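Below is the file protein-v3.tsv, which contains TSV, C-alpha atoms.
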```
chain	number	residue	atom	x	y	z
A	359	ALA	CA	0.00	0.00	0.00
A	360	LEU	CA	0.99	3.64	-0.37
A	361	SER	CA	1.77	6.16	2.36
A	362	GLU	CA	0.63	9.75	2.92
A	363	MET	CA	3.61	11.21	4.74
A	364	HIS	CA	2.10	14.68	5.07
A	365	ALA	CA	-1.41	13.85	6.20
A	366	HIS	CA	-3.86	15.75	8.33
A	367	ILE	CA	-6.22	13.93	10.65
A	368	PRO	CA	-9.16	16.22	11.53
A	369	PRO	CA	-8.33	18.34	14.61
A	370	GLY	CA	-9.24	17.69	18.22
A	371	ASN	CA	-12.56	19.52	17.97
A	372	ALA	CA	-13.72	17.39	15.01
A	373	THR	CA	-16.48	14.84	15.57
A	374	ASP	CA	-15.66	11.13	15.63
A	375	ALA	CA	-17.70	10.80	12.41
A	376	GLU	CA	-15.58	13.42	10.62
A	377	ILE	CA	-12.37	11.71	11.72
A	378	ALA	CA	-13.67	8.28	10.68
A	379	ARG	CA	-14.70	9.65	7.29
A	380	VAL	CA	-11.22	11.01	6.55
A	381	LEU	CA	-9.48	7.82	7.71
A	382	THR	CA	-11.86	5.77	5.54
A	383	LEU	CA	-11.09	7.89	2.46
A	384	TYR	CA	-7.39	7.27	3.04
A	385	ALA	CA	-7.93	3.54	3.52
A	386	VAL	CA	-10.14	2.88	0.48
A	387	ASN	CA	-7.62	4.70	-1.70
A	388	GLY	CA	-4.97	2.20	-0.68
A	389	ILE	CA	-3.15	4.40	1.80
A	390	GLY	CA	-1.67	1.99	4.34
A	391	THR	CA	0.27	4.52	6.42
A	392	VAL	CA	-0.38	8.15	7.30
A	393	ARG	CA	1.82	10.58	9.19
A	394	GLY	CA	-0.42	13.15	10.86
A	395	MET	CA	1.35	16.50	10.63
A	396	LEU	CA	-0.77	18.52	13.04
A	397	GLY	CA	-1.49	16.37	16.04
A	398	ALA	CA	-3.84	16.74	18.99
A	399	PRO	CA	-4.18	14.77	22.26
A	400	LYS	CA	-7.21	12.99	20.77
A	401	HIS	CA	-4.99	11.51	18.05
A	402	LEU	CA	-2.94	9.41	20.48
A	403	PRO	CA	-5.68	6.93	21.48
A	404	LEU	CA	-6.90	7.04	17.86
A	405	ARG	CA	-3.42	6.02	16.65
A	406	ASP	CA	-3.32	3.14	19.11
A	407	ARG	CA	-6.74	1.85	18.05
A	408	ALA	CA	-5.83	2.18	14.36
A	409	ASN	CA	-2.51	0.38	14.82
A	410	ARG	CA	-4.22	-2.47	16.69
A	411	GLY	CA	-6.59	-2.85	13.72
A	412	GLU	CA	-9.70	-1.94	15.72
A	413	ILE	CA	-10.91	0.74	13.28
A	414	LEU	CA	-10.86	1.12	9.50
A	415	SER	CA	-7.75	3.25	9.10
A	416	PRO	CA	-4.21	3.32	7.80
A	417	TRP	CA	-1.38	2.76	10.27
A	418	ILE	CA	-0.89	6.13	12.02
A	419	TYR	CA	2.16	8.07	13.11
A	420	THR	CA	1.34	11.45	14.62
A	421	SER	CA	3.06	14.70	15.53
A	422	GLY	CA	1.98	16.77	18.49
A	423	PRO	CA	0.56	20.30	18.30
A	424	SER	CA	2.87	22.49	16.24
A	425	PHE	CA	5.83	24.62	17.27
A	426	ASN	CA	5.21	28.12	15.89
A	427	GLY	CA	5.77	31.75	16.86
A	428	SER	CA	2.84	31.73	19.30
A	429	SER	CA	3.10	28.25	20.83
A	430	ALA	CA	6.89	28.45	21.26
A	431	PRO	CA	7.67	32.14	21.95
A	432	SER	CA	10.86	31.48	23.96
A	433	PRO	CA	13.62	28.86	24.25
A	434	ASP	CA	12.31	27.75	27.66
A	435	ALA	CA	8.77	27.33	26.33
A	436	ALA	CA	10.08	25.27	23.39
A	437	VAL	CA	12.16	22.99	25.63
A	438	GLN	CA	9.14	22.38	27.87
A	439	MET	CA	6.99	21.59	24.83
A	440	VAL	CA	9.54	19.03	23.64
A	441	LYS	CA	9.52	17.33	27.04
A	442	ASP	CA	5.72	17.36	27.26
A	443	GLN	CA	5.21	15.95	23.76
A	444	LYS	CA	7.82	13.25	24.26
A	445	ALA	CA	6.16	12.26	27.57
A	446	ALA	CA	2.72	12.22	25.96
A	447	GLY	CA	3.95	9.70	23.39
A	448	TYR	CA	3.80	11.61	20.11
A	449	ASP	CA	5.92	10.16	17.30
A	450	LEU	CA	7.43	13.47	16.17
A	451	LEU	CA	7.40	17.25	16.59
A	452	LYS	CA	5.86	19.49	13.91
A	453	ILE	CA	7.64	22.74	13.03
A	454	HIS	CA	5.58	25.59	11.56
A	455	PRO	CA	6.72	29.01	10.29
A	456	GLY	CA	7.41	31.77	12.80
A	457	VAL	CA	9.85	29.98	15.12
A	458	LYS	CA	12.73	32.31	16.01
A	459	ARG	CA	16.31	31.11	15.60
A	460	ASP	CA	17.22	30.93	19.31
A	461	VAL	CA	13.95	29.10	20.04
A	462	PHE	CA	14.64	26.66	17.21
A	463	ASP	CA	18.16	25.95	18.44
A	464	ALA	CA	16.86	25.17	21.94
A	465	MET	CA	14.08	22.99	20.53
A	466	ALA	CA	16.46	21.04	18.28
A	467	ALA	CA	18.92	20.38	21.12
A	468	ALA	CA	16.11	19.27	23.45
A	469	ALA	CA	14.57	17.04	20.77
A	470	HIS	CA	17.87	15.30	20.04
A	471	ALA	CA	18.44	14.81	23.79
A	472	ALA	CA	14.93	13.36	24.20
A	473	GLY	CA	15.24	11.18	21.12
A	474	ILE	CA	12.18	12.57	19.31
A	475	PRO	CA	12.42	13.61	15.64
A	476	PHE	CA	11.13	16.91	14.27
A	477	ALA	CA	9.85	17.73	10.81
A	478	GLY	CA	7.84	20.17	8.73
A	479	HIS	CA	8.46	23.75	7.64
A	480	VAL	CA	11.74	25.67	7.69
A	481	PRO	CA	11.10	28.99	9.49
A	482	LEU	CA	12.59	31.99	7.68
A	483	ASP	CA	14.67	32.86	10.74
A	484	VAL	CA	16.22	29.37	10.65
A	485	GLY	CA	16.92	28.89	6.94
A	486	LEU	CA	17.73	25.76	4.99
A	487	MET	CA	21.41	25.31	5.89
A	488	ARG	CA	20.72	25.47	9.63
A	489	ALA	CA	17.74	23.12	9.16
A	490	LEU	CA	19.98	20.57	7.44
A	491	GLU	CA	22.66	20.99	10.09
A	492	ALA	CA	20.03	20.44	12.81
A	493	ARG	CA	19.01	17.18	11.09
A	494	TYR	CA	15.30	17.53	10.47
A	495	ALA	CA	13.78	14.07	9.99
A	496	THR	CA	11.94	15.46	6.96
A	497	ILE	CA	11.65	18.86	5.37
A	498	ASP	CA	8.13	19.07	3.97
A	499	HIS	CA	6.92	21.08	0.95
A	500	ILE	CA	10.61	21.46	-0.17
A	501	ASP	CA	10.39	24.43	2.21
A	502	GLY	CA	13.45	26.69	2.44
A	503	TYR	CA	14.94	25.60	-0.89
A	504	LEU	CA	13.73	28.46	-3.07
A	505	GLU	CA	14.83	30.91	-0.38
A	506	ALA	CA	18.26	29.25	-0.41
A	507	LEU	CA	18.41	29.68	-4.19
A	508	ALA	CA	17.53	33.38	-4.01
A	509	ARG	CA	20.37	35.76	-4.79
A	510	GLU	CA	21.84	37.88	-2.01
A	511	GLY	CA	19.63	40.77	-0.96
A	512	ALA	CA	16.37	39.18	-2.20
A	513	SER	CA	13.32	40.47	-0.35
A	514	GLY	CA	11.37	38.46	2.22
A	515	SER	CA	9.92	35.22	0.97
A	516	GLN	CA	6.16	34.81	0.63
A	517	MET	CA	4.17	31.66	-0.03
A	518	PHE	CA	7.16	29.25	-0.18
A	519	GLY	CA	9.17	31.63	-2.37
A	520	LEU	CA	6.53	32.23	-5.03
A	521	ASN	CA	7.60	35.90	-5.04
A	522	LEU	CA	11.29	35.01	-5.59
A	523	THR	CA	11.04	33.45	-9.07
A	524	GLY	CA	12.90	36.37	-10.67
A	525	VAL	CA	15.94	36.18	-8.39
A	526	LEU	CA	16.78	32.46	-8.30
A	527	ASP	CA	20.26	31.15	-8.97
A	528	GLU	CA	19.73	27.56	-10.08
A	529	SER	CA	23.46	26.90	-10.25
A	530	ARG	CA	23.19	26.41	-6.46
A	531	ILE	CA	20.90	23.38	-6.79
A	532	PRO	CA	23.71	20.75	-6.86
A	533	SER	CA	25.29	22.06	-3.64
A	534	LEU	CA	21.88	22.11	-1.86
A	535	VAL	CA	21.20	18.55	-3.01
A	536	ASP	CA	24.63	17.46	-1.82
A	537	ALA	CA	24.09	19.09	1.59
A	538	THR	CA	20.67	17.42	1.91
A	539	ARG	CA	22.05	13.97	1.11
A	540	LYS	CA	24.99	14.38	3.50
A	541	ALA	CA	22.68	15.53	6.30
A	542	GLY	CA	20.47	12.47	5.81
A	543	VAL	CA	17.38	14.70	5.71
A	544	TRP	CA	14.40	13.30	3.79
A	545	ILE	CA	12.09	15.43	1.64
A	546	VAL	CA	8.29	15.23	1.40
A	547	PRO	CA	7.55	17.38	-1.67
A	548	THR	CA	3.72	17.73	-1.36
A	549	GLU	CA	3.79	18.84	-4.99
A	550	ALA	CA	0.03	18.32	-5.35
A	551	LEU	CA	-0.49	21.23	-2.96
A	552	PHE	CA	1.42	23.65	-5.18
A	553	GLN	CA	0.14	22.30	-8.49
A	554	HIS	CA	-3.40	22.73	-7.18
A	555	TRP	CA	-2.78	26.12	-5.54
A	556	VAL	CA	-1.03	27.90	-8.39
A	557	GLY	CA	-0.97	25.42	-11.30
A	558	PRO	CA	-2.61	26.03	-14.66
A	559	ASP	CA	-5.84	24.08	-13.96
A	560	ASP	CA	-8.92	26.30	-13.90
A	561	PRO	CA	-10.77	26.06	-10.56
A	562	GLU	CA	-14.11	25.71	-12.35
A	563	THR	CA	-12.69	22.59	-14.05
A	564	MET	CA	-11.05	21.33	-10.87
A	565	LYS	CA	-14.37	21.33	-9.03
A	566	THR	CA	-15.63	18.73	-11.53
A	567	TRP	CA	-12.81	16.27	-10.72
A	568	PRO	CA	-14.39	12.94	-9.65
A	569	GLU	CA	-13.13	13.09	-6.05
A	570	MET	CA	-14.76	16.47	-5.46
A	571	GLN	CA	-18.04	14.62	-4.82
A	572	TYR	CA	-16.57	13.90	-1.36
A	573	VAL	CA	-16.13	17.62	-0.56
A	574	PRO	CA	-19.10	19.55	0.89
A	575	LYS	CA	-20.47	22.04	-1.68
A	576	ASP	CA	-19.86	25.12	0.49
A	577	GLU	CA	-16.26	24.09	1.10
A	578	LEU	CA	-15.71	23.48	-2.62
A	579	ALA	CA	-17.01	26.98	-3.36
A	580	LYS	CA	-14.41	28.35	-0.90
A	581	TRP	CA	-11.67	26.39	-2.67
A	582	VAL	CA	-12.66	27.92	-6.01
A	583	GLU	CA	-12.56	31.44	-4.55
A	584	SER	CA	-9.29	30.69	-2.77
A	585	LYS	CA	-7.55	29.60	-5.99
A	586	LYS	CA	-8.83	32.67	-7.84
A	587	LYS	CA	-7.49	34.89	-5.07
A	588	MET	CA	-4.14	33.07	-4.83
A	589	THR	CA	-3.47	33.37	-8.54
A	590	SER	CA	-4.80	36.91	-9.07
A	591	GLY	CA	-1.63	38.78	-8.05
A	592	VAL	CA	0.82	36.42	-9.73
A	593	THR	CA	1.46	36.24	-13.47
A	594	PRO	CA	1.07	32.89	-15.30
A	595	THR	CA	4.79	33.16	-16.11
A	596	GLU	CA	5.76	33.47	-12.43
A	597	ARG	CA	3.48	30.59	-11.50
A	598	ALA	CA	4.91	28.38	-14.25
A	599	ARG	CA	8.47	29.28	-13.27
A	600	PHE	CA	7.77	28.50	-9.60
A	601	LEU	CA	6.46	25.03	-10.48
A	602	GLU	CA	9.28	24.46	-12.97
A	603	VAL	CA	11.97	25.13	-10.34
A	604	ARG	CA	10.16	22.94	-7.81
A	605	GLY	CA	10.04	20.14	-10.39
A	606	ARG	CA	13.75	20.59	-11.07
A	607	LEU	CA	14.47	20.38	-7.32
A	608	ILE	CA	12.45	17.15	-6.99
A	609	GLN	CA	14.32	15.60	-9.91
A	610	ALA	CA	17.73	16.80	-8.68
A	611	LEU	CA	17.14	15.68	-5.07
A	612	HIS	CA	16.11	12.24	-6.25
A	613	ALA	CA	18.95	11.90	-8.76
A	614	GLY	CA	21.44	13.20	-6.19
A	615	GLY	CA	20.62	10.52	-3.63
A	616	ALA	CA	18.46	12.49	-1.18
A	617	GLY	CA	15.53	10.45	0.11
A	618	LEU	CA	12.04	11.34	-1.13
A	619	LEU	CA	8.86	10.32	0.68
A	620	LEU	CA	5.34	10.43	-0.75
A	621	GLY	CA	3.06	13.07	0.72
A	622	SER	CA	0.46	15.45	-0.66
A	623	ASP	CA	-0.93	17.40	2.33
A	624	GLY	CA	-4.41	15.92	2.29
A	625	PRO	CA	-6.97	17.15	3.24
A	626	GLN	CA	-5.82	20.63	2.23
A	627	LEU	CA	-7.22	22.87	-0.51
A	628	TRP	CA	-8.13	20.64	-3.49
A	629	ASN	CA	-6.41	17.63	-1.87
A	630	VAL	CA	-9.13	15.13	-1.06
A	631	PRO	CA	-7.78	12.53	1.40
A	632	GLY	CA	-6.35	9.48	-0.37
A	633	PHE	CA	-7.14	10.68	-3.87
A	634	SER	CA	-4.49	13.42	-3.68
A	635	VAL	CA	-1.72	10.85	-3.08
A	636	HIS	CA	-2.45	9.34	-6.50
A	637	ARG	CA	-2.27	12.83	-8.03
A	638	GLU	CA	1.04	13.34	-6.18
A	639	LEU	CA	2.48	10.24	-7.89
A	640	ARG	CA	1.63	11.78	-11.27
A	641	TYR	CA	3.36	15.05	-10.35
A	642	LEU	CA	6.50	13.16	-9.29
A	643	VAL	CA	6.56	11.42	-12.68
A	644	GLN	CA	5.98	14.77	-14.38
A	645	ALA	CA	9.08	16.04	-12.50
A	646	GLY	CA	11.21	13.29	-14.00
A	647	LEU	CA	10.91	10.21	-11.79
A	648	THR	CA	9.95	6.91	-13.39
A	649	PRO	CA	6.64	5.38	-12.24
A	650	TYR	CA	8.65	2.77	-10.31
A	651	GLN	CA	10.70	5.46	-8.53
A	652	ALA	CA	7.57	7.44	-7.70
A	653	ILE	CA	5.85	4.38	-6.20
A	654	GLU	CA	9.01	3.61	-4.23
A	655	THR	CA	8.69	7.00	-2.42
A	656	GLY	CA	5.40	5.79	-0.92
A	657	THR	CA	6.32	2.16	-0.21
A	658	ARG	CA	9.88	0.92	0.30
A	659	ASN	CA	11.33	4.37	1.10
A	660	VAL	CA	8.86	4.83	3.95
A	661	ALA	CA	9.95	1.55	5.54
A	662	VAL	CA	13.61	2.54	5.13
A	663	PHE	CA	12.85	5.93	6.74
A	664	TYR	CA	11.14	4.31	9.74
A	665	GLY	CA	13.52	1.35	10.00
A	666	THR	CA	10.61	-1.08	9.48
A	667	THR	CA	11.83	-2.93	6.38
A	668	ALA	CA	11.67	-6.24	8.27
A	669	ASP	CA	7.88	-6.27	8.17
A	670	ARG	CA	6.72	-3.69	5.59
A	671	GLY	CA	7.59	-1.63	2.54
A	672	THR	CA	7.82	-4.49	0.05
A	673	ILE	CA	5.74	-7.58	-0.69
A	674	ALA	CA	7.19	-10.75	0.80
A	675	GLN	CA	5.98	-13.71	2.80
A	676	GLY	CA	5.65	-12.91	6.50
A	677	LYS	CA	5.39	-9.13	6.05
A	678	ARG	CA	2.39	-7.03	7.08
A	679	ALA	CA	-0.31	-7.38	4.39
A	680	ASP	CA	-0.84	-3.78	3.25
A	681	LEU	CA	-1.66	-4.27	-0.42
A	682	ILE	CA	-3.39	-2.54	-3.33
A	683	LEU	CA	-4.63	-4.74	-6.17
A	684	LEU	CA	-4.85	-2.69	-9.38
A	685	GLU	CA	-6.85	-3.19	-12.57
A	686	ALA	CA	-3.94	-1.96	-14.73
A	687	ASN	CA	-0.17	-1.66	-14.55
A	688	PRO	CA	1.06	1.58	-12.92
A	689	LEU	CA	4.56	1.05	-14.36
A	690	ALA	CA	3.06	1.49	-17.83
A	691	ASP	CA	1.05	4.57	-16.77
A	692	ILE	CA	1.24	6.04	-13.28
A	693	GLY	CA	-2.41	7.09	-13.59
A	694	ASN	CA	-3.25	3.41	-13.17
A	695	SER	CA	-2.32	3.63	-9.47
A	696	ALA	CA	-5.86	4.95	-8.94
A	697	LYS	CA	-7.56	2.04	-10.76
A	698	ILE	CA	-8.05	0.11	-7.55
A	699	GLY	CA	-9.68	-3.32	-7.58
A	700	ALA	CA	-9.19	-4.10	-3.88
A	701	VAL	CA	-7.28	-2.94	-0.82
A	702	VAL	CA	-5.90	-5.06	2.01
A	703	LEU	CA	-4.77	-3.21	5.17
A	704	GLY	CA	-3.19	-5.09	8.05
A	705	GLY	CA	-4.40	-8.33	6.49
A	706	ARG	CA	-8.00	-7.11	6.29
A	707	LEU	CA	-9.69	-6.94	2.86
```
Output the file's structure in the form of structure tokens.
Amino acid sequence: ALSEMHAHIPPGNATDAEIARVLTLYAVNGIGTVRGMLGAPKHLPLRDRANRGEILSPWIYTSGPSFNGSSAPSPDAAVQMVKDQKAAGYDLLKIHPGVKRDVFDAMAAAAHAAGIPFAGHVPLDVGLMRALEARYATIDHIDGYLEALAREGASGSQMFGLNLTGVLDESRIPSLVDATRKAGVWIVPTEALFQHWVGPDDPETMKTWPEMQYVPKDELAKWVESKKKMTSGVTPTERARFLEVRGRLIQALHAGGAGLLLGSDGPQLWNVPGFSVHRELRYLVQAGLTPYQAIETGTRNVAVFYGTTADRGTIAQGKRADLILLEANPLADIGNSAKIGAVVLGGRL
């Protein structure tokens, strides 16, 4: 089965029915593992029930509530948060924008001492090189890379560097790839998020995509408005350039030996849980990976990342039965990954 390594499980105030609905959409799309990237106390017992096979759900790893400018305003507050989240039993710490450099440094030291990984965004105050040095478990959204490619004196980054497309020095890509590989930091591109936010697809067309039947009408209307607003101040050329450089980074990171993990940021704007992972596979192939390499980011690579290759990640006798049976060969056309005949999760059809 595939993994969604940048998943969102509905927040603590969501109803049990809403949470079950999202987990079901992941499961029936053949997602065998999710990594919840904005955790809440409610997600801990949910994870344990899911991982015991008591509910219809992928296997769950979960972060705690995020570290950001408000939740972690000082080094002391950040250190306490690390200790509390480790004691509570979360699998990882989630980093959001807004964390100041001294707070980040204290958090990273405390996390390494406590033996809990951290992952997510690269705050502007921290920057990519410090993030690599601090050994993030994963950097998600390829965050920090466009900023690191920007020429000296470039103005403040907005929206993952969308405003920096005119000042990028792509000759720096090889050295960033090299630094990423040496640091052992994995990348979760979430390319679907950016393709759907600023890509060429018209929102009126996007709302007719088959999976949009699972999105409430009022929410879908908001998504349409949101895309129109997001793309209004940015020229088609800038948008295309932004996606082109991201695609080049994905291809270069993969070719240069940095580890990629499959994740799409579902459910986020336009990313319907489960369905968006299959779209993500197509975007990875569009960026230059073969279908086999793209599938590997959501199967074997995830087991390598977690150190669980003994019982998952590939199909072999005695391993956990997380399987998707397809009606057509995805190696011939990656779009076939969504032609699902049956799903087996944890040995359950």
Asn409 of chain A: which residues within 12 Å, counting all atoms listed in the file, same-chain residues fewer than 3 positions away excluded, as a ChimeraX atom specification? /A:390-392,401-406,412-420,678,703-704
Within-10 Å shell of (2.1, 32.5, -10.2) in input frame, only C-alpha atoms, as a ChimeraX atom specification: /A:520-521,523,555-558,588-601
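If you look at atom CA of Thr538 of chain A and atom CA of Ile367 of chain A, they are 28.5 Å away from each other.
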Could you state the separation of atom CA of Ser634 of chain A and atom CA of Gly615 of chain A in Å, given to one decimal place?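 Straight-line distance from atom CA of Ser634 of chain A to atom CA of Gly615 of chain A works out to 25.3 Å.
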Go ahead and compute the interatomic distance for atom CA of Ile608 of chain A and atom CA of Lys540 of chain A, in Å to one decimal.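 These two atoms are separated by 16.6 Å.
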Which is closer to Leu689 of chain A than all the others in A:Leu383, A:Ile531, A:Val662, A:Ala652, using all atoms listed in the file? A:Ala652
Determine the nearest neighbour of His499 of chain A from the options A:Ser428, A:Gln438, A:Gln443, A:Thr548, counting all atoms listed in the file. A:Thr548
Between A:Pro475, A:Pro568, A:Gly614, A:Pro455, which one has atoms that come closest to Ser533 of chain A, using all atoms listed in the file?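 Among A:Pro475, A:Pro568, A:Gly614, A:Pro455, it is A:Gly614 that comes nearest to Ser533 of chain A.
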As JSON, please report the centre and edge lengths, rounded to one decimal in Å, of the axis-aligned box that holds all listed atoms of segment 644-650 of chain A with 8 Å of padding on each of the six sides.
```
{"center_x": 8.6, "center_y": 9.4, "center_z": -12.3, "size_x": 21.2, "size_y": 29.3, "size_z": 20.1}
```
Can you pull out the residues contacting segment 503-517 of chain A? Cut-off 9 Å, using all atoms listed in the file, and skip same-chain residues under 5 positions away; I want them as a list in words.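 Using all atoms listed in the file, the neighbours found are Leu482, Gly485, Leu486, Met487, Leu522, Thr523, Gly524, Val525, Leu526, Asp527, Glu528, Ser529, Arg530, Ile531, Leu534, Phe600, Val603, Arg604 and Leu607 of chain A.
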